>>> print(open('my_file_38.cif').read())   # mmCIF, C-alpha atoms and all ligand atoms
data_target
#
loop_
_atom_site.label_atom_id
_atom_site.label_comp_id
_atom_site.auth_asym_id
_atom_site.auth_seq_id
_atom_site.Cartn_x
_atom_site.Cartn_y
_atom_site.Cartn_z
CA MET A 1 0.00 0.00 0.00
CA SER A 2 1.26 3.49 -0.72
CA GLN A 3 -0.15 6.79 0.45
CA ILE A 4 0.62 10.47 0.03
CA ILE A 5 -0.55 12.96 2.65
CA THR A 6 0.57 16.55 2.25
CA HIS A 7 -1.13 19.91 2.82
CA GLU A 8 -2.10 19.77 -0.87
CA LYS A 9 -2.76 16.14 -1.73
CA ILE A 10 -4.40 13.08 -0.15
CA GLU A 11 -4.09 9.79 -2.01
CA THR A 12 -3.85 6.13 -1.06
CA THR A 13 -3.99 2.86 -2.98
CA ASN A 14 -5.95 1.27 -0.11
CA SER A 15 -9.66 0.83 -0.93
CA SER A 16 -10.72 1.21 2.71
CA GLY A 17 -8.99 4.58 2.85
CA VAL A 18 -6.04 6.31 4.43
CA ASN A 19 -4.08 4.50 7.13
CA TYR A 20 -4.32 7.14 9.85
CA ASP A 21 -1.81 5.48 12.18
CA ASP A 22 0.80 5.91 9.47
CA VAL A 23 -0.11 9.59 9.19
CA LEU A 24 0.49 9.97 12.93
CA LYS A 25 3.88 8.35 12.57
CA GLN A 26 4.71 10.50 9.54
CA PHE A 27 3.75 13.75 11.31
CA GLY A 28 4.62 12.77 14.87
CA CYS A 29 1.40 13.77 16.64
CA SER A 30 -0.47 11.80 19.31
CA THR A 31 -3.71 9.84 19.33
CA ILE A 32 -6.72 11.16 21.24
CA THR A 33 -6.87 8.62 24.06
CA PRO A 34 -9.83 7.55 26.26
CA GLU A 35 -8.16 9.53 29.09
CA ILE A 36 -8.37 12.73 27.06
CA LEU A 37 -12.02 12.08 26.24
CA HIS A 38 -12.59 11.51 29.93
CA GLN A 39 -11.00 14.89 30.73
CA ILE A 40 -13.35 16.60 28.29
CA LYS A 41 -16.33 15.00 30.01
CA GLN A 42 -14.93 16.03 33.39
CA ILE A 43 -14.66 19.71 32.36
CA THR A 44 -18.02 19.90 30.68
CA GLY A 45 -19.75 17.86 33.38
CA THR A 46 -21.59 15.65 30.92
CA ASP A 47 -21.34 12.02 30.05
CA THR A 48 -21.96 12.40 26.36
CA LEU A 49 -19.38 13.22 23.75
CA HIS A 50 -19.88 14.74 20.33
CA PRO A 51 -20.17 11.90 17.77
CA PHE A 52 -17.06 13.27 15.99
CA LEU A 53 -15.06 12.57 19.15
CA GLU A 54 -16.87 9.42 20.17
CA ARG A 55 -16.29 7.87 16.73
CA SER A 56 -12.69 9.11 16.42
CA LEU A 57 -13.30 11.31 13.39
CA PHE A 58 -11.17 13.74 15.38
CA TYR A 59 -8.42 11.36 16.32
CA ALA A 60 -5.09 13.17 16.69
CA HIS A 61 -3.70 16.05 18.70
CA ARG A 62 -0.73 17.93 20.06
CA ASP A 63 -0.89 19.17 23.66
CA LEU A 64 -4.69 18.89 23.93
CA ASP A 65 -4.09 17.07 27.21
CA LYS A 66 -2.11 20.05 28.52
CA ILE A 67 -4.88 22.52 27.68
CA LEU A 68 -7.45 20.31 29.40
CA GLN A 69 -5.27 19.77 32.47
CA LYS A 70 -4.82 23.53 32.82
CA SER A 71 -8.59 24.05 32.61
CA ILE A 72 -9.19 21.38 35.25
CA LYS A 73 -6.54 22.87 37.54
CA ASN A 74 -7.67 26.49 37.19
CA GLY A 75 -11.38 25.89 36.92
CA THR A 76 -11.58 28.20 33.87
CA ASN A 77 -11.00 27.72 30.17
CA ASP A 78 -8.38 30.29 29.28
CA PHE A 79 -7.75 29.32 25.68
CA TYR A 80 -9.18 30.22 22.28
CA LEU A 81 -10.03 28.23 19.18
CA TYR A 82 -8.64 28.89 15.71
CA THR A 83 -9.69 27.38 12.40
CA GLY A 84 -9.88 28.53 8.80
CA ARG A 85 -10.98 28.03 5.26
CA GLY A 86 -9.33 28.51 1.88
CA PRO A 87 -12.13 29.75 -0.40
CA SER A 88 -11.38 27.80 -3.56
CA SER A 89 -14.94 27.91 -4.90
CA GLU A 90 -18.33 29.53 -4.34
CA SER A 91 -19.68 26.71 -2.26
CA LEU A 92 -18.42 24.51 0.52
CA HIS A 93 -18.93 20.75 0.37
CA ILE A 94 -19.99 18.58 3.29
CA GLY A 95 -16.38 17.63 4.08
CA HIS A 96 -15.52 21.30 4.68
CA LEU A 97 -18.17 21.45 7.37
CA ILE A 98 -16.35 19.01 9.65
CA PRO A 99 -13.84 21.42 11.29
CA PHE A 100 -16.51 24.10 11.61
CA ILE A 101 -19.04 21.77 13.27
CA MET A 102 -16.32 20.68 15.71
CA THR A 103 -15.13 24.23 16.42
CA LYS A 104 -18.69 25.37 17.06
CA HIS A 105 -19.21 22.44 19.42
CA LEU A 106 -15.98 23.15 21.33
CA GLN A 107 -16.94 26.82 21.55
CA GLN A 108 -20.26 25.81 23.02
CA ILE A 109 -18.98 23.34 25.61
CA PHE A 110 -15.96 25.39 26.74
CA ASP A 111 -17.48 28.85 26.21
CA VAL A 112 -14.34 30.21 24.53
CA PRO A 113 -13.64 32.70 21.71
CA VAL A 114 -13.17 31.55 18.11
CA ILE A 115 -10.96 33.10 15.41
CA ILE A 116 -11.70 32.10 11.80
CA GLN A 117 -9.21 32.95 9.06
CA ILE A 118 -10.38 33.05 5.45
CA THR A 119 -7.37 32.62 3.20
CA ASP A 120 -8.49 34.22 -0.05
CA ASP A 121 -4.82 35.12 -0.63
CA GLU A 122 -3.79 31.45 -0.36
CA LYS A 123 -6.17 30.29 -3.06
CA TYR A 124 -5.20 33.24 -5.27
CA PHE A 125 -1.49 32.38 -4.96
CA HIS A 126 -2.23 28.75 -5.77
CA SER A 127 -4.50 29.39 -8.74
CA LYS A 128 -3.02 28.16 -12.01
CA ASN A 129 -5.46 30.20 -14.05
CA HIS A 130 -3.86 33.54 -14.87
CA THR A 131 -7.18 35.29 -15.39
CA ASP A 132 -8.33 34.56 -11.80
CA THR A 133 -8.20 37.79 -9.83
CA LEU A 134 -7.78 38.32 -6.09
CA GLU A 135 -11.22 39.95 -6.22
CA LEU A 136 -12.66 36.65 -7.47
CA TYR A 137 -11.36 34.87 -4.35
CA GLN A 138 -12.73 37.67 -2.18
CA THR A 139 -16.18 36.99 -3.63
CA TYR A 140 -15.80 33.27 -2.95
CA ALA A 141 -14.67 34.15 0.57
CA MET A 142 -17.77 36.22 1.30
CA LYS A 143 -20.02 33.44 -0.01
CA ASN A 144 -18.18 30.85 2.08
CA ILE A 145 -18.56 33.03 5.17
CA HIS A 146 -22.35 32.66 4.93
CA ASP A 147 -21.96 28.88 5.08
CA ILE A 148 -19.61 29.20 8.04
CA ILE A 149 -21.92 31.51 9.99
CA ALA A 150 -24.79 29.09 9.34
CA CYS A 151 -22.92 26.64 11.61
CA ASP A 152 -24.21 28.80 14.49
CA PHE A 153 -21.07 30.28 16.01
CA ASN A 154 -21.68 32.49 19.03
CA PRO A 155 -21.84 36.02 17.47
CA ASP A 156 -20.41 37.64 20.61
CA LYS A 157 -17.41 35.33 20.75
CA THR A 158 -16.42 34.82 17.12
CA PHE A 159 -14.23 36.90 14.81
CA ILE A 160 -14.03 36.06 11.10
CA PHE A 161 -11.50 37.82 8.88
CA LEU A 162 -10.23 37.82 5.31
CA ASN A 163 -6.47 37.71 4.88
CA SER A 164 -6.63 40.23 2.04
CA THR A 165 -8.39 42.90 4.10
CA PHE A 166 -7.35 42.47 7.75
CA SER A 167 -3.88 42.49 9.24
CA ASN A 168 -3.89 44.85 12.22
CA TYR A 169 -1.35 43.79 14.85
CA MET A 170 -0.79 40.39 13.19
CA VAL A 171 2.06 41.87 11.12
CA HIS A 172 4.06 42.14 14.32
CA ASN A 173 4.09 38.38 14.85
CA LEU A 174 4.36 37.82 11.11
CA ALA A 175 7.75 39.55 11.15
CA LYS A 176 8.95 37.54 14.13
CA ILE A 177 7.99 34.22 12.53
CA GLN A 178 9.38 35.19 9.12
CA LYS A 179 12.75 35.91 10.69
CA LYS A 180 12.89 32.36 12.07
CA ILE A 181 12.14 30.45 8.86
CA ASN A 182 14.46 30.09 5.89
CA LEU A 183 13.67 29.04 2.33
CA ASN A 184 15.19 25.61 2.83
CA GLN A 185 12.69 24.83 5.56
CA ILE A 186 9.77 26.05 3.44
CA GLN A 187 10.99 23.94 0.55
CA SER A 188 11.44 20.76 2.54
CA THR A 189 8.16 21.08 4.47
CA PHE A 190 5.85 22.47 1.79
CA GLY A 191 7.68 21.49 -1.37
CA TYR A 192 7.78 25.00 -2.83
CA GLY A 193 10.70 25.78 -5.10
CA LEU A 194 12.45 28.55 -6.95
CA ASN A 195 9.76 28.86 -9.60
CA ASP A 196 6.87 29.37 -7.20
CA ASN A 197 5.50 32.85 -6.76
CA MET A 198 6.46 34.82 -3.64
CA GLY A 199 2.93 34.68 -2.27
CA ARG A 200 2.90 30.93 -2.29
CA VAL A 201 6.27 30.65 -0.62
CA SER A 202 5.47 33.14 2.14
CA PHE A 203 1.86 32.09 2.71
CA PRO A 204 2.54 29.40 5.36
CA VAL A 205 3.51 32.14 7.80
CA CYS A 206 0.12 33.84 7.28
CA GLN A 207 -1.64 30.67 8.39
CA MET A 208 0.61 30.37 11.44
CA VAL A 209 0.20 33.89 12.84
CA PRO A 210 -3.40 33.57 14.13
CA ALA A 211 -2.28 30.69 16.37
CA PHE A 212 -0.74 33.25 18.77
CA ALA A 213 -3.17 35.19 20.98
CA SER A 214 -0.79 38.17 20.95
CA SER A 215 -1.64 38.63 17.26
CA PHE A 216 -5.05 39.91 18.38
CA PRO A 217 -4.54 42.35 21.27
CA SER A 218 -7.82 44.24 21.02
CA ILE A 219 -9.83 41.18 20.02
CA LEU A 220 -8.70 38.64 22.60
CA SER A 221 -8.50 41.10 25.54
CA LYS A 222 -11.49 42.23 27.58
CA SER A 223 -13.06 45.31 26.07
CA GLY A 224 -11.63 48.44 27.69
CA SER A 225 -8.66 46.60 29.22
CA ILE A 226 -6.31 48.30 26.79
CA VAL A 227 -6.68 51.90 25.70
CA ASN A 228 -6.45 50.88 22.06
CA ASP A 229 -3.84 49.41 19.76
CA SER A 230 -2.90 52.65 18.06
CA PRO A 231 0.78 52.86 17.07
CA ILE A 232 1.62 55.26 19.88
CA ASN A 233 0.24 52.87 22.47
CA MET A 234 2.18 49.97 21.07
CA PHE A 235 5.47 51.64 21.97
CA ASN A 236 4.48 51.59 25.60
CA TYR A 237 3.85 55.25 26.28
CA LYS A 238 2.54 55.66 29.82
CA TYR A 239 -1.11 56.46 30.05
CA GLU A 240 -3.30 57.11 33.01
CA ASN A 241 -4.68 53.67 32.39
CA PRO A 242 -2.28 51.32 34.21
CA ASN A 243 -2.73 48.62 31.59
CA THR A 244 -0.25 49.46 28.92
CA PHE A 245 -0.24 47.75 25.62
CA ASN A 246 2.77 45.65 26.55
CA ASP A 247 1.07 44.44 29.75
CA CYS A 248 -1.75 43.31 27.58
CA LEU A 249 0.59 41.41 25.25
CA LYS A 250 2.24 39.77 28.24
CA GLN A 251 -1.10 38.49 29.41
CA LEU A 252 -1.97 37.21 25.97
CA ARG A 253 1.25 35.19 25.93
CA ASN A 254 -0.33 33.03 28.63
CA LYS A 255 -3.36 32.33 26.51
CA GLN A 256 -2.95 29.19 24.46
CA CYS A 257 -4.50 28.50 21.09
CA LEU A 258 -6.28 25.28 20.17
CA VAL A 259 -6.27 24.83 16.39
CA VAL A 260 -9.07 22.74 14.87
CA ALA A 261 -8.16 21.32 11.46
CA ALA A 262 -7.95 18.26 9.20
CA VAL A 263 -4.70 16.36 9.75
CA ASP A 264 -3.19 17.52 6.44
CA GLN A 265 -2.75 21.00 7.96
CA ASP A 266 -0.17 19.73 10.46
CA PRO A 267 2.92 20.97 8.55
CA TYR A 268 1.95 24.60 9.34
CA PHE A 269 1.49 24.06 13.04
CA ARG A 270 4.36 21.64 13.49
CA MET A 271 6.68 24.29 12.08
CA LEU A 272 5.12 27.00 14.24
CA ARG A 273 5.47 24.94 17.41
CA ASP A 274 9.21 24.66 16.71
CA ILE A 275 9.48 28.44 16.54
CA ALA A 276 7.06 29.48 19.30
CA THR A 277 9.30 29.33 22.36
CA LYS A 278 12.15 31.02 20.50
CA ILE A 279 10.01 34.13 20.17
CA GLY A 280 8.41 33.95 23.62
CA GLU A 281 5.01 32.61 22.54
CA PRO A 282 3.14 29.52 23.78
CA LYS A 283 3.11 26.50 21.50
CA PRO A 284 -0.34 26.15 19.95
CA ALA A 285 -2.23 22.94 20.72
CA VAL A 286 -4.03 21.21 17.86
CA ILE A 287 -6.83 18.72 17.31
CA TYR A 288 -7.01 16.96 13.94
CA SER A 289 -9.69 15.12 11.97
CA LYS A 290 -9.62 12.41 9.37
CA PHE A 291 -10.93 13.19 5.87
CA LEU A 292 -14.32 12.73 4.35
CA ALA A 293 -14.01 10.33 1.41
CA SER A 294 -14.70 11.34 -2.17
CA LEU A 295 -18.01 10.00 -3.49
CA LEU A 296 -15.89 8.01 -5.92
CA GLY A 297 -14.05 6.01 -3.25
CA LYS A 298 -12.04 6.19 -0.05
CA GLN A 299 -8.70 6.43 -1.87
CA THR A 300 -9.03 10.23 -2.04
CA LYS A 301 -10.81 12.95 -0.07
CA MET A 302 -13.86 14.86 -1.19
CA SER A 303 -12.64 17.68 -3.42
CA SER A 304 -14.26 20.70 -5.05
CA SER A 305 -12.00 20.37 -8.06
CA VAL A 306 -12.92 16.79 -8.98
CA ILE A 307 -16.32 16.61 -10.70
CA ASN A 308 -18.80 14.22 -9.08
CA SER A 309 -16.59 13.72 -6.03
CA ALA A 310 -18.49 16.09 -3.76
CA ILE A 311 -21.86 16.96 -2.27
CA TYR A 312 -22.14 20.72 -1.95
CA LEU A 313 -23.97 22.55 0.80
CA ASP A 314 -26.28 24.13 -1.76
CA ASP A 315 -27.15 20.88 -3.58
CA THR A 316 -30.89 20.27 -3.96
CA PRO A 317 -32.58 17.07 -2.69
CA LYS A 318 -32.69 15.91 -6.30
CA GLN A 319 -28.97 16.44 -6.80
CA ILE A 320 -28.14 14.67 -3.53
CA LYS A 321 -30.23 11.68 -4.55
CA LYS A 322 -28.71 11.52 -8.00
CA LYS A 323 -25.11 11.86 -6.81
CA ILE A 324 -25.42 9.21 -4.11
CA ASN A 325 -27.28 6.75 -6.31
CA LYS A 326 -25.09 7.25 -9.33
CA PHE A 327 -21.62 7.93 -7.97
CA ALA A 328 -21.25 6.87 -4.31
CA PHE A 329 -18.77 4.00 -4.36
CA SER A 330 -20.45 0.91 -2.98
CA GLY A 331 -19.13 -2.03 -1.00
CA GLY A 332 -22.12 -4.09 -2.12
CA GLN A 333 -22.11 -7.12 -4.42
CA GLU A 334 -22.93 -7.09 -8.13
CA THR A 335 -26.34 -8.71 -7.80
CA LEU A 336 -29.09 -9.00 -5.20
CA GLU A 337 -28.46 -12.73 -4.91
CA LEU A 338 -24.76 -12.30 -4.31
CA GLN A 339 -25.41 -9.55 -1.78
CA LYS A 340 -27.74 -11.88 0.15
CA GLU A 341 -25.22 -14.66 0.00
CA LEU A 342 -21.93 -12.81 0.62
CA GLY A 343 -22.97 -9.53 2.23
CA GLY A 344 -21.47 -6.09 1.57
CA ASN A 345 -18.25 -4.48 2.77
CA PRO A 346 -18.91 -1.36 4.90
CA ASP A 347 -15.17 -0.59 5.14
CA VAL A 348 -14.93 0.49 1.50
CA ASP A 349 -18.49 1.79 1.18
CA VAL A 350 -18.66 5.58 0.89
CA SER A 351 -22.36 5.91 1.84
CA PHE A 352 -21.59 3.96 5.00
CA GLN A 353 -18.70 6.28 5.87
CA TYR A 354 -20.99 9.33 5.51
CA LEU A 355 -23.54 7.68 7.82
CA GLU A 356 -20.82 6.88 10.33
CA ILE A 357 -19.87 10.55 10.39
CA PHE A 358 -23.16 12.39 10.19
CA CYS A 359 -25.74 10.09 11.80
CA SER A 360 -26.09 10.86 15.51
CA ASP A 361 -27.68 7.50 16.38
CA THR A 362 -24.80 5.13 17.19
CA LYS A 363 -27.08 2.08 17.63
CA LYS A 364 -28.59 2.63 14.19
CA ILE A 365 -25.13 2.75 12.59
CA GLU A 366 -24.08 -0.50 14.25
CA GLN A 367 -27.30 -2.18 13.13
CA ILE A 368 -26.76 -1.03 9.55
CA ARG A 369 -23.14 -2.24 9.64
CA GLU A 370 -24.21 -5.72 10.80
CA ASP A 371 -27.14 -5.97 8.39
CA TYR A 372 -25.01 -4.84 5.48
CA LYS A 373 -22.22 -7.28 6.26
CA SER A 374 -24.59 -10.20 6.73
CA GLY A 375 -26.42 -9.55 3.47
CA ASN A 376 -29.72 -8.55 5.05
CA LEU A 377 -29.41 -4.96 3.86
CA MET A 378 -29.17 -4.09 0.17
CA THR A 379 -27.03 -1.26 -1.21
CA GLY A 380 -30.15 0.62 -2.39
CA LYS A 381 -31.52 0.75 1.15
CA LEU A 382 -28.19 1.86 2.62
CA LYS A 383 -28.02 4.63 0.04
CA GLN A 384 -31.61 5.60 0.85
CA SER A 385 -30.65 6.15 4.52
CA ILE A 386 -27.79 8.49 3.69
CA ILE A 387 -29.84 10.36 1.08
CA GLU A 388 -32.51 11.08 3.70
CA LEU A 389 -30.00 12.13 6.31
CA LEU A 390 -28.07 14.47 3.99
CA THR A 391 -31.27 15.95 2.57
CA ASN A 392 -32.49 16.88 6.07
CA MET A 393 -29.08 18.14 7.12
CA LEU A 394 -28.63 20.34 4.05
CA THR A 395 -32.19 21.67 4.01
CA ASP A 396 -31.69 22.77 7.58
CA HIS A 397 -28.34 24.37 6.69
CA GLN A 398 -29.79 26.16 3.66
CA ASN A 399 -32.68 27.56 5.74
CA LYS A 400 -30.24 28.94 8.30
CA LYS A 401 -28.02 30.39 5.60
CA GLN A 402 -30.93 32.17 3.94
CA LYS A 403 -31.61 34.12 7.12
CA ILE A 404 -28.07 35.54 7.33
CA THR A 405 -28.21 39.25 6.49
CA ASP A 406 -25.37 41.66 5.70
CA GLU A 407 -25.68 43.04 9.24
CA VAL A 408 -25.08 39.59 10.69
CA VAL A 409 -21.97 39.12 8.53
CA GLN A 410 -20.81 42.60 9.51
CA LYS A 411 -21.06 41.72 13.18
CA TYR A 412 -18.89 38.60 12.90
CA MET A 413 -16.29 40.47 10.82
CA THR A 414 -15.97 43.61 12.94
CA PRO A 415 -12.73 43.73 14.95
CA ARG A 416 -13.92 43.96 18.58
CA SER A 417 -13.37 42.28 21.92
CA ILE A 418 -14.77 38.73 21.78
CA ILE A 419 -13.82 37.80 25.34
N1 LIG B 1 -5.25 26.23 4.49
C1 LIG B 1 -6.63 25.94 4.83
C2 LIG B 1 -7.38 25.50 3.56
O1 LIG B 1 -6.82 25.34 2.53
C3 LIG B 1 -7.34 27.14 5.42
C4 LIG B 1 -6.90 27.54 6.81
C5 LIG B 1 -6.36 28.74 7.20
C6 LIG B 1 -6.96 26.74 8.00
N2 LIG B 1 -6.12 28.78 8.50
C7 LIG B 1 -6.47 27.56 9.06
C8 LIG B 1 -7.43 25.46 8.28
C9 LIG B 1 -6.41 27.10 10.36
C10 LIG B 1 -7.36 24.99 9.59
C11 LIG B 1 -6.84 25.80 10.63
O2 LIG B 1 -8.58 25.30 3.60
#
>>> encode(input="my_file_38.cif", output="structure tokens", more="lines below")
Ligand code: TRP
Amino acid sequence: MSQIITHEKIETTNSSGVNYDDVLKQFGCSTITPEILHQIKQITGTDTLHPFLERSLFYAHRDLDKILQKSIKNGTNDFYLYTGRGPSSESLHIGHLIPFIMTKHLQQIFDVPVIIQITDDEKYFHSKNHTDTLELYQTYAMKNIHDIIACDFNPDKTFIFLNSTFSNYMVHNLAKIQKKINLNQIQSTFGYGLNDNMGRVSFPVCQMVPAFASSFPSILSKSGSIVNDSPINMFNYKYENPNTFNDCLKQLRNKQCLVVAAVDQDPYFRMLRDIATKIGEPKPAVIYSKFLASLLGKQTKMSSSVINSAIYLDDTPKQIKKKINKFAFSGGQETLELQKELGGNPDVDVSFQYLEIFCSDTKKIEQIREDYKSGNLMTGKLKQSIIELLTNMLTDHQNKKQKITDEVVQKYMTPRSII
């Protein structure tokens, strides 16, 4: 079996999908253990876990245990969440929802702020089509933001920004990180070479910066706790207010970040964790998910750029039905008779993977798995279950999205204290 996992490409020859233990070994992060899940339950005071955690869709981490231990010890959750989205097309697909659903859930159970970076610049730098403008990616970004807001983030505790229009105090940490990385490191970690454009080569640093709380002094501090982050304040002029800007930064250097991402994003944060202590910042913690399979099979992930590989958030019930019935790779047998005799293979079946991820009823999933394997359940019926589930899920999402006005978007995108 061979597999390639980079920040740009996911591919395996294995029909039941990526070997995630190998990814852990390749990247050097840890598994989310039962002890960690127990700590989460302890902090939130409930016995139930989100299905994404219970079913190990989120399966890997760095320092999550440390963040949780600190919360248990101090009795407060003094961290913030960071995730992002590269707006490569007008619409998100259901795989893109996974980090946002998880981030929203973590925000809810820990009552912490969320920073969401929209990397319109990244997708512009990576575009091979010379007629694609930065403005085009800005339009995609704004459309994607509606889908993100529809995930129900707390409007008082969430800040969403576009890389092409917001930088504020982030440039300060940008400079410090840039100084610590040379071209050799960028080339060996991200594979960029001498013929890549400057934007592409320098972009990784832009994705790293939001993982330090001190990049957001006026956003991650209590409102009124600093006078403001005007240039004069930043150089530590004494004001009547005893909290100078530098005091504020000092405090923020105790606030850790928890990044929520798919595991292919690890190269960014692994590199940043190596630099963090050198520049006096805390190492960000991370929690990583597995990928949602392409409709066409578990050898690759769902992708906007491969036709018929994805179910989009704005697909109609008719489109969902057609895509699942026509394209979803099946682990079933060729004929009804053979299916009854030999049973199907849920491990390679894409519809089954989607059920495993999005159906909240664990007993139902186990029943379907057994029935499918034993030949009691036909592929058509299995597909019917996932069609119904996705239709309900997406209708609900589309209704929420429709209600999002410009004022709502404005609120999430206004720099302000979200503590
Ligand atoms: N690079 C990510 C993408 O292509 C977007 C992104 C930016 C991101 N910042 C992030 C993802 C932080 C996870 C966490 O979609």
>>> closest_residue(input="my_file_38.cif", among="A:Asp22, A:Asp264, A:Asp152, A:Asp111", to="ligand LIG 1 (chain B)", atoms="all atoms listed in the file")
A:Asp264
>>> residues_near_ligand(input="my_file_38.cif", ligand="ligand LIG 1 (chain B)", cutoff="6 Å", atoms="all atoms listed in the file", output="list in words")
Thr83, Gly84, Arg85, Gly86, Gln117, Thr119, Gln207, Val259, Val260 and Ala261 of chain A
>>> closest_residue(input="my_file_38.cif", among="A:Val350, A:Ile357, A:Ile386, A:Leu336", to="Glu54 in chain A", atoms="only C-alpha atoms")
A:Ile357
>>> residues_around(input="my_file_38.cif", residues="Tyr268 in chain A", least_positions_apart="4", cutoff="7 Å", atoms="all atoms listed in the file", output="ChimeraX atom specification")
/A:204,208,272
>>> residues_around(input="my_file_38.cif", residues="Thr316 in chain A", least_positions_apart="2", cutoff="12 Å", atoms="only C-alpha atoms", output="PyMOL selection string")
chain A and resi 311-314+318-323+387+390-398
>>> atom_distance(input="my_file_38.cif", atom1="CA of Gln69 in chain A", atom2="CA of Leu57 in chain A")
22.4 Å
>>> residues_around(input="my_file_38.cif", residues="Met198 in chain A", least_positions_apart="2", cutoff="12 Å", atoms="only C-alpha atoms", output="list in words")
Asp121, Glu122, Tyr124, Phe125, His126, Leu183, Ile186, Tyr192, Gly193, Leu194, Asn195, Asp196, Arg200, Val201, Ser202, Phe203 and Pro204 of chain A
>>> closest_residue(input="my_file_38.cif", among="A:Ala285, A:Leu53, A:Ile40, A:Val263", to="Tyr82 in chain A", atoms="all atoms listed in the file")
A:Ala285
>>> closest_residue(input="my_file_38.cif", among="A:Lys143, A:Lys278, A:Arg270, A:Lys411", to="Lys157 in chain A", atoms="all atoms listed in the file")
A:Lys411
>>> closest_residue(input="my_file_38.cif", among="A:Ile94, A:Val205, A:Ile115, A:Leu81", to="Tyr354 in chain A", atoms="all atoms listed in the file")
A:Ile94
>>> atom_distance(input="my_file_38.cif", atom1="CA of Ile275 in chain A", atom2="CA of Gln178 in chain A")
10.0 Å
>>> axis_aligned_box(input="my_file_38.cif", around="range 345-356 of chain A", padding_each_side="6 Å", output="AutoDock Vina command-line options")
--center_x -19.2 --center_y 2.4 --center_z 5.6 --size_x 20.6 --size_y 25.8 --size_z 21.4
